[in-house]
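Enquirer: Take a look at the following structure, please.
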Amino acid sequence: MRITKVSAFVLRLPEVLAVCDGTQDTCLIRVETDEGLVGWGEVDSCPTVVKAIIDAPLSHQICNGLANALVGADPLALDECMARMMNAANYYGRAAVGLHAMAGVNLALWDVIGQAYGQPVYRLLGGPFATRFRAYASVLFGETPAETYEIARRLADQGFTAVKFGWGSMGQSEKHDIALVREARRGAGTAVDVMIDAGQVWDWKTALKRAHQFAEFAPFWLEEPLQPDDVAGYARLASASPIPIAAGEAEARLDDFERLIVDGGIDWIQPDPGRCGLSTMVAVGKAAHRHRRKVVNHSFKSGLTIAASLHGLAALPNAEVFEYCMSESPLRHHIAHEPFRVEDGYVTVPEAPGLGVTINDATLNTYRIA
Ligand SMILES: [Mg+2]
């Protein structure tokens with residue numbers, strides 16, 4: 001089997017706001033083969049930049065677009081395909097968005113491989129350790145502590161056993177920060193786990209102070225309190241925090257994840273398959289397991305990213321909870337036909353061959369801008 005075409009599709013809502021919500025636009029990757037198998041992936045990055053990296057024409061021997069690098073390659077030889085892309089992006093793409101684009105291709109290739117072998121991807125990754133995960137409802141903080149209370153109460157009433165609040169107005173002031181967490185806990189009640197995603201707002205000393213201030217509300221974890229590159233800060237924070245620390249969604253290279261785990265000492269590592277690829281996500285989870293840390297997906301995109309995340313976690317022994325994006329965007333709900341419903345608080349890994357997702361062409365046609 002050979003790859004015949006690699007395409008990138010940019011989808012975007014008519015109105016995009018400056019809020020930390022990745023479901024306002026997206027970039028889908030499609031890999032086609034000469035045997036008729038088609039694989040799909042999704043990237044959580046800057047969509048138009050990703051498309052440019054996929055489509056770029058040959059510049060010179062080690063500077064090429066990813067589509068050019070892959071046409072003619074055997075999609076079952078996954079690591080060789082990844083090496084071809086790294087070689088093509090040698091100068092321009094060995095970090096950040098270059099790796100994000102490769103991550104989307106990695107997902108699409110796993111989708112092809114699973115279909116070729118007639119197996120759900122988690123089996124080819126060596127799983128399952130589990131086929132369902134406790135879903136935590138992932139939302140942004142309300143505008144005010146009172147609004148945060150209402151959201152928490154509503155989600156607890158819906159049957160979620162865990163809720164994460166993120167970004168928004170966290171970091172404005174000590175009093176406001178504490179009120180947000182207090183009201184999240186009050187709304188969720190004592191039986192529901194509450195995660196706090198601070199959104200990179202503090203230095204490590206302030207983060208440590210907040211961790212102590214939040215401790216009485218018993219958060220499940222405190223996520224991304226520091227800038228992603230502040231590994232020394234994470235080390236100081238994680239060694240003294242009364243609350244587990246989570247981070248890693250901003251990383252794409254295995255080395256950077258390992259730095260956060262080993263040097264940063266964090267408790268939960270959060271790979272996003274649409275930024276690091278499914279292969280790296282599983283490698284990150286295994287590295288965390290060797291250091292007796294836990295792994296959880298970061299996913300704030302469509303059912304494609306949800307499916308990839310489920311396959312990744314199913315192949316790991318140290319997964320437990322699942323980030324379940326609660327955005328109401330059509331780009332969250334209507335790209336994949338499969339709904340990934342939460343039942344009794346759990347979300348289940350797809351069983352169909354490949355990633356187990358089928359693409360809704362009507363959504364593509366409605367929201368595609370490039
Ligand atoms: Mg986060």
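Residues in the structure tokens are numbered from 1 in each chain, the chains being A, B, ... in the order shown, and ligands are numbered from 1 in the order shown.
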Within 8 Å of ligand 1, which residues of chain A show up? Give each one with its shortest atom-to-atom distance in Å (one decimal) and the two atoms involved, counting only C-alpha atoms and all ligand atoms, rows by chain then rising residue number, as CSV.
Expert:
```
residue,atom,partner,partner_atom_place_in_ligand_line,distance
A:Gly166,CA,ligand 1,1 (Mg),6.7
A:Trp167,CA,ligand 1,1 (Mg),7.9
A:Asp197,CA,ligand 1,1 (Mg),5.5
A:Ala198,CA,ligand 1,1 (Mg),7.7
A:Gly199,CA,ligand 1,1 (Mg),6.5
A:Glu223,CA,ligand 1,1 (Mg),6.2
A:Glu224,CA,ligand 1,1 (Mg),6.2
A:Ala247,CA,ligand 1,1 (Mg),7.3
A:Glu249,CA,ligand 1,1 (Mg),6.5
A:His298,CA,ligand 1,1 (Mg),7.0
```
Enquirer: For Ala146 (chain A), find every residue with an atom within 7 Å (counting only C-alpha atoms), except residues of its own chain fewer than 3 positions away, and show them as an MDAnalysis selection string.
Expert: chainID A and resid 149:150 183
Enquirer: In terms of the shortest atom-to-atom distance over only C-alpha atoms, which of A:Leu109, A:Ala135, A:Ile335, A:Cys46 is closest to Glu32 (chain A)?
Expert: A:Leu109
Enquirer: Fewer than 5 positions away in the same chain doesn't count, so skip those; otherwise give me all residues within 7 Å of Ala108 (chain A), counting only C-alpha atoms, as JSON, numbers by chain.
Expert: {"A": [29, 30, 31, 39, 40, 41]}
Enquirer: Considering only C-alpha atoms, return as a PyMOL selection string whatever protein or nucleic-acid residues lie within 12 Å of Lys175 (chain A), sequence-local ones (same chain, fewer than 4 positions apart) excluded.
Expert: chain A and resi 145+169-171+179-182+210+213-214
Enquirer: Write out as a ChimeraX atom specification the residues lying within 10 Å of Cys27 (chain A), counting only C-alpha atoms and excluding same-chain residues fewer than 5 positions away.
Expert: /A:8-12,41-51,101,104,274,301,368,370
Enquirer: For the residues selected in the previous step, produce a file with C-alpha atoms as a compact mmCIF listing (two decimals), in the first residue's frame.
Expert:
```
# COMPACT_ATOMS: atom_id res chain seq x y z
CA ALA A 8 -5.32 19.63 5.19
CA PHE A 9 -8.74 21.21 5.77
CA VAL A 10 -9.18 24.41 7.80
CA LEU A 11 -12.58 24.76 9.47
CA ARG A 12 -13.68 27.92 11.27
CA GLY A 41 -6.44 13.16 11.90
CA GLU A 42 -6.95 16.48 13.70
CA VAL A 43 -4.47 19.10 14.89
CA ASP A 44 -4.81 21.45 17.87
CA SER A 45 -2.60 24.33 16.72
CA CYS A 46 -2.84 27.35 14.43
CA PRO A 47 -4.86 25.76 11.59
CA THR A 48 -3.75 27.90 8.65
CA VAL A 49 -0.07 27.50 9.60
CA VAL A 50 -0.51 23.73 9.81
CA LYS A 51 -2.09 23.67 6.36
CA ALA A 101 1.28 19.12 11.76
CA GLY A 104 -2.21 15.22 12.78
CA GLY A 274 -3.38 16.51 18.14
CA LYS A 301 -11.43 19.51 19.74
CA ARG A 368 -14.33 24.89 5.57
CA ALA A 370 -9.27 26.58 3.21
```
Enquirer: I'd like the contact shell of Val38 (chain A) - 12 Å cut-off, only C-alpha atoms, skipping same-chain residues fewer than 5 positions apart - returned as an MDAnalysis selection string.
Expert: chainID A and resid 1:7 29:33 75 105 107:116 353:355 357:359
Enquirer: Considering only C-alpha atoms, return as a ChimeraX atom specification whatever protein or nucleic-acid residues lie within 12 Å of Val262 (chain A), sequence-local ones (same chain, fewer than 5 positions apart) excluded.
Expert: /A:231-232,234-235,238-239,254-257,267-269,284,287-293
Enquirer: Would you save the residues of that selection, restricted to N, CA and C atoms, as an mmCIF file, in the first residue's frame?
Expert:
```cif
data_model
loop_
_atom_site.group_PDB
_atom_site.id
_atom_site.type_symbol
_atom_site.label_atom_id
_atom_site.label_comp_id
_atom_site.auth_asym_id
_atom_site.auth_seq_id
_atom_site.Cartn_x
_atom_site.Cartn_y
_atom_site.Cartn_z
ATOM 1 N N VAL A 231 10.295 25.000 33.872
ATOM 2 C CA VAL A 231 10.480 23.674 34.459
ATOM 3 C C VAL A 231 11.058 23.788 35.873
ATOM 4 N N ALA A 232 11.963 24.744 36.075
ATOM 5 C CA ALA A 232 12.526 24.936 37.420
ATOM 6 C C ALA A 232 11.428 25.363 38.392
ATOM 7 N N TYR A 234 8.248 24.599 38.098
ATOM 8 C CA TYR A 234 7.431 23.403 38.363
ATOM 9 C C TYR A 234 8.104 22.507 39.404
ATOM 10 N N ALA A 235 9.412 22.395 39.331
ATOM 11 C CA ALA A 235 10.124 21.544 40.295
ATOM 12 C C ALA A 235 9.922 22.060 41.716
ATOM 13 N N ALA A 238 6.002 21.633 42.567
ATOM 14 C CA ALA A 238 5.526 20.248 42.740
ATOM 15 C C ALA A 238 6.091 19.616 44.010
ATOM 16 N N SER A 239 7.309 20.018 44.395
ATOM 17 C CA SER A 239 7.919 19.388 45.568
ATOM 18 C C SER A 239 7.261 19.864 46.866
ATOM 19 N N LEU A 254 8.860 14.390 22.870
ATOM 20 C CA LEU A 254 8.988 13.474 24.000
ATOM 21 C C LEU A 254 9.981 14.014 25.024
ATOM 22 N N ASP A 255 11.076 14.602 24.577
ATOM 23 C CA ASP A 255 12.098 15.136 25.499
ATOM 24 C C ASP A 255 11.511 16.197 26.417
ATOM 25 N N ASP A 256 10.624 17.024 25.872
ATOM 26 C CA ASP A 256 10.057 18.104 26.684
ATOM 27 C C ASP A 256 9.080 17.558 27.730
ATOM 28 N N PHE A 257 8.311 16.530 27.331
ATOM 29 C CA PHE A 257 7.435 15.881 28.312
ATOM 30 C C PHE A 257 8.284 15.266 29.430
ATOM 31 N N ASP A 267 2.812 15.689 38.767
ATOM 32 C CA ASP A 267 2.105 14.462 39.130
ATOM 33 C C ASP A 267 1.317 13.866 37.965
ATOM 34 N N TRP A 268 0.721 14.751 37.123
ATOM 35 C CA TRP A 268 -0.086 14.312 35.975
ATOM 36 C C TRP A 268 0.497 14.940 34.720
ATOM 37 N N ILE A 269 0.754 14.102 33.698
ATOM 38 C CA ILE A 269 1.234 14.637 32.420
ATOM 39 C C ILE A 269 0.079 14.574 31.424
ATOM 40 N N VAL A 284 4.888 9.043 25.999
ATOM 41 C CA VAL A 284 4.855 9.944 27.166
ATOM 42 C C VAL A 284 4.207 9.234 28.355
ATOM 43 N N ALA A 287 6.600 6.767 29.765
ATOM 44 C CA ALA A 287 7.662 7.451 30.521
ATOM 45 C C ALA A 287 7.127 7.861 31.888
ATOM 46 N N ALA A 288 5.907 8.389 31.915
ATOM 47 C CA ALA A 288 5.302 8.779 33.200
ATOM 48 C C ALA A 288 5.165 7.561 34.105
ATOM 49 N N HIS A 289 4.756 6.437 33.523
ATOM 50 C CA HIS A 289 4.565 5.229 34.325
ATOM 51 C C HIS A 289 5.876 4.760 34.949
ATOM 52 N N ARG A 290 6.965 4.864 34.174
ATOM 53 C CA ARG A 290 8.274 4.470 34.721
ATOM 54 C C ARG A 290 8.630 5.302 35.938
ATOM 55 N N HIS A 291 8.137 6.545 35.968
ATOM 56 C CA HIS A 291 8.436 7.441 37.096
ATOM 57 C C HIS A 291 7.287 7.497 38.093
ATOM 58 N N ARG A 292 6.344 6.570 37.958
ATOM 59 C CA ARG A 292 5.201 6.459 38.867
ATOM 60 C C ARG A 292 4.362 7.737 38.904
ATOM 61 N N ARG A 293 4.148 8.294 37.706
ATOM 62 C CA ARG A 293 3.227 9.428 37.564
ATOM 63 C C ARG A 293 2.067 8.978 36.692
#
```
Enquirer: Which of region 11-155 of chain A end up as strand (DSSP E) when DSSP is run on this backbone - answer as a list in words?
Expert: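 Restricting region 11-155 of chain A to strand (DSSP E) produces Leu11, Arg12, Asp25, Thr26, Cys27, Leu28, Ile29, Arg30, Val31, Glu32, Thr33, Val38, Gly39, Trp40, Gly41, Glu42, Val43, Arg132, Phe133, Arg134, Ala135, Tyr136, Ala137, Ser138, Val139 and Leu140 of chain A.
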Enquirer: Grab the residues selected above and save them as a JSON list (two decimals), in the first residue's frame with C-alpha atoms.
Expert:
```json
[["chain", "number", "residue", "atom", "x", "y", "z"],
["A", 11, "LEU", "CA", -12.58, 24.76, 9.47],
["A", 12, "ARG", "CA", -13.68, 27.92, 11.27],
["A", 25, "ASP", "CA", -11.62, 26.44, 14.51],
["A", 26, "THR", "CA", -9.65, 23.33, 13.62],
["A", 27, "CYS", "CA", -7.40, 21.66, 11.06],
["A", 28, "LEU", "CA", -8.25, 18.16, 9.80],
["A", 29, "ILE", "CA", -5.74, 15.95, 7.98],
["A", 30, "ARG", "CA", -6.74, 13.34, 5.40],
["A", 31, "VAL", "CA", -4.36, 10.62, 4.14],
["A", 32, "GLU", "CA", -5.43, 8.69, 1.03],
["A", 33, "THR", "CA", -3.93, 5.42, -0.24],
["A", 38, "VAL", "CA", -8.57, 6.81, 3.92],
["A", 39, "GLY", "CA", -7.36, 8.00, 7.35],
["A", 40, "TRP", "CA", -8.27, 11.16, 9.25],
["A", 41, "GLY", "CA", -6.44, 13.16, 11.90],
["A", 42, "GLU", "CA", -6.95, 16.48, 13.70],
["A", 43, "VAL", "CA", -4.47, 19.10, 14.89],
["A", 132, "ARG", "CA", -13.80, 3.07, 29.50],
["A", 133, "PHE", "CA", -12.67, 6.06, 31.49],
["A", 134, "ARG", "CA", -14.27, 8.34, 34.05],
["A", 135, "ALA", "CA", -15.06, 11.50, 32.10],
["A", 136, "TYR", "CA", -14.43, 14.87, 33.65],
["A", 137, "ALA", "CA", -16.52, 17.68, 32.21],
["A", 138, "SER", "CA", -14.05, 20.27, 30.94],
["A", 139, "VAL", "CA", -15.34, 23.86, 30.89],
["A", 140, "LEU", "CA", -14.05, 27.40, 31.29]]
```
Enquirer: Which is closest to Val342 (chain A) among A:Met326, A:Val16, A:Ala211, A:Ala240, if we use only C-alpha atoms?
Expert: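 Ranked by minimum distance to Val342 (chain A), first place goes to A:Met326.
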Enquirer: Between A:Ala352, A:His212, A:Leu331, A:Ile266, which has the minimum distance to Thr366 (chain A) (counting only C-alpha atoms)?
Expert: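 Between A:Ala352, A:His212, A:Leu331, A:Ile266, the residue approaching Thr366 (chain A) most closely is A:Leu331.
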Enquirer: DSSP says alpha helix (DSSP H) for which residues of region 149-232 of chain A? Put them as an MDAnalysis selection string?
Expert: chainID A and resid 149:157 174:188 204:214 231:232
Enquirer: Go ahead and save the picked residues with N, CA and C atoms, as a CSV table (one decimal), in the first residue's frame.
Expert:
```
chain,number,residue,atom,x,y,z
A,149,TYR,N,-20.3,28.8,40.2
A,149,TYR,CA,-21.1,28.0,41.1
A,149,TYR,C,-22.3,27.4,40.3
A,150,GLU,N,-22.9,28.2,39.5
A,150,GLU,CA,-24.1,27.7,38.7
A,150,GLU,C,-23.7,26.6,37.7
A,151,ILE,N,-22.5,26.8,37.0
A,151,ILE,CA,-22.1,25.8,36.1
A,151,ILE,C,-21.7,24.5,36.8
A,152,ALA,N,-21.0,24.6,37.9
A,152,ALA,CA,-20.6,23.4,38.7
A,152,ALA,C,-21.9,22.6,39.1
A,153,ARG,N,-22.9,23.3,39.6
A,153,ARG,CA,-24.1,22.7,40.0
A,153,ARG,C,-24.8,22.0,38.9
A,154,ARG,N,-24.9,22.6,37.7
A,154,ARG,CA,-25.5,22.1,36.6
A,154,ARG,C,-24.8,20.8,36.1
A,155,LEU,N,-23.5,20.8,36.1
A,155,LEU,CA,-22.7,19.6,35.6
A,155,LEU,C,-22.8,18.5,36.6
A,156,ALA,N,-22.8,18.8,37.9
A,156,ALA,CA,-23.0,17.7,38.9
A,156,ALA,C,-24.4,17.1,38.8
A,157,ASP,N,-25.4,18.0,38.5
A,157,ASP,CA,-26.8,17.5,38.3
A,157,ASP,C,-26.9,16.6,37.1
A,174,GLU,N,-5.9,37.7,44.4
A,174,GLU,CA,-6.0,36.6,45.4
A,174,GLU,C,-7.4,36.3,45.8
A,175,LYS,N,-8.1,37.4,46.1
A,175,LYS,CA,-9.5,37.2,46.6
A,175,LYS,C,-10.4,36.6,45.6
A,176,HIS,N,-10.2,37.0,44.3
A,176,HIS,CA,-11.1,36.5,43.2
A,176,HIS,C,-10.7,35.0,42.9
A,177,ASP,N,-9.4,34.7,42.9
A,177,ASP,CA,-8.9,33.4,42.7
A,177,ASP,C,-9.6,32.4,43.7
A,178,ILE,N,-9.5,32.8,44.9
A,178,ILE,CA,-10.0,31.9,46.0
A,178,ILE,C,-11.5,31.7,45.9
A,179,ALA,N,-12.2,32.9,45.5
A,179,ALA,CA,-13.7,32.8,45.4
A,179,ALA,C,-14.1,31.9,44.2
A,180,LEU,N,-13.3,31.9,43.1
A,180,LEU,CA,-13.6,31.0,42.0
A,180,LEU,C,-13.6,29.6,42.4
A,181,VAL,N,-12.5,29.2,43.1
A,181,VAL,CA,-12.4,27.8,43.5
A,181,VAL,C,-13.4,27.4,44.6
A,182,ARG,N,-13.6,28.3,45.5
A,182,ARG,CA,-14.6,28.1,46.6
A,182,ARG,C,-16.0,27.8,46.0
A,183,GLU,N,-16.4,28.6,45.0
A,183,GLU,CA,-17.7,28.5,44.4
A,183,GLU,C,-17.8,27.3,43.5
A,184,ALA,N,-16.7,26.9,42.8
A,184,ALA,CA,-16.7,25.7,42.0
A,184,ALA,C,-16.9,24.5,42.9
A,185,ARG,N,-16.3,24.5,44.1
A,185,ARG,CA,-16.4,23.4,45.0
A,185,ARG,C,-17.9,23.4,45.6
A,186,ARG,N,-18.4,24.5,46.0
A,186,ARG,CA,-19.7,24.6,46.6
A,186,ARG,C,-20.8,24.1,45.6
A,187,GLY,N,-20.6,24.5,44.3
A,187,GLY,CA,-21.6,24.1,43.3
A,187,GLY,C,-21.5,22.6,42.9
A,188,ALA,N,-20.3,22.1,42.9
A,188,ALA,CA,-20.1,20.7,42.6
A,188,ALA,C,-20.5,19.8,43.7
A,204,TRP,N,6.0,30.7,40.4
A,204,TRP,CA,5.9,29.5,41.2
A,204,TRP,C,5.6,29.8,42.7
A,205,LYS,N,6.1,31.0,43.1
A,205,LYS,CA,5.8,31.3,44.6
A,205,LYS,C,4.3,31.6,44.8
A,206,THR,N,3.7,32.4,43.8
A,206,THR,CA,2.3,32.7,43.9
A,206,THR,C,1.5,31.4,43.7
A,207,ALA,N,1.9,30.5,42.8
A,207,ALA,CA,1.2,29.3,42.6
A,207,ALA,C,1.2,28.4,43.8
A,208,LEU,N,2.4,28.4,44.5
A,208,LEU,CA,2.5,27.6,45.8
A,208,LEU,C,1.6,28.1,46.8
A,209,LYS,N,1.5,29.5,46.9
A,209,LYS,CA,0.6,30.1,47.9
A,209,LYS,C,-0.8,29.7,47.6
A,210,ARG,N,-1.2,29.8,46.3
A,210,ARG,CA,-2.6,29.5,45.9
A,210,ARG,C,-2.9,28.0,46.2
A,211,ALA,N,-1.9,27.1,45.9
A,211,ALA,CA,-2.1,25.7,46.2
A,211,ALA,C,-2.5,25.5,47.6
A,212,HIS,N,-1.8,26.2,48.5
A,212,HIS,CA,-2.1,26.1,50.0
A,212,HIS,C,-3.5,26.7,50.2
A,213,GLN,N,-3.8,27.8,49.6
A,213,GLN,CA,-5.1,28.5,49.8
A,213,GLN,C,-6.3,27.7,49.2
A,214,PHE,N,-6.0,26.9,48.1
A,214,PHE,CA,-7.1,26.1,47.5
A,214,PHE,C,-7.2,24.8,48.2
A,231,VAL,N,10.3,25.0,33.9
A,231,VAL,CA,10.5,23.7,34.5
A,231,VAL,C,11.1,23.8,35.9
A,232,ALA,N,12.0,24.7,36.1
A,232,ALA,CA,12.5,24.9,37.4
A,232,ALA,C,11.4,25.4,38.4
```
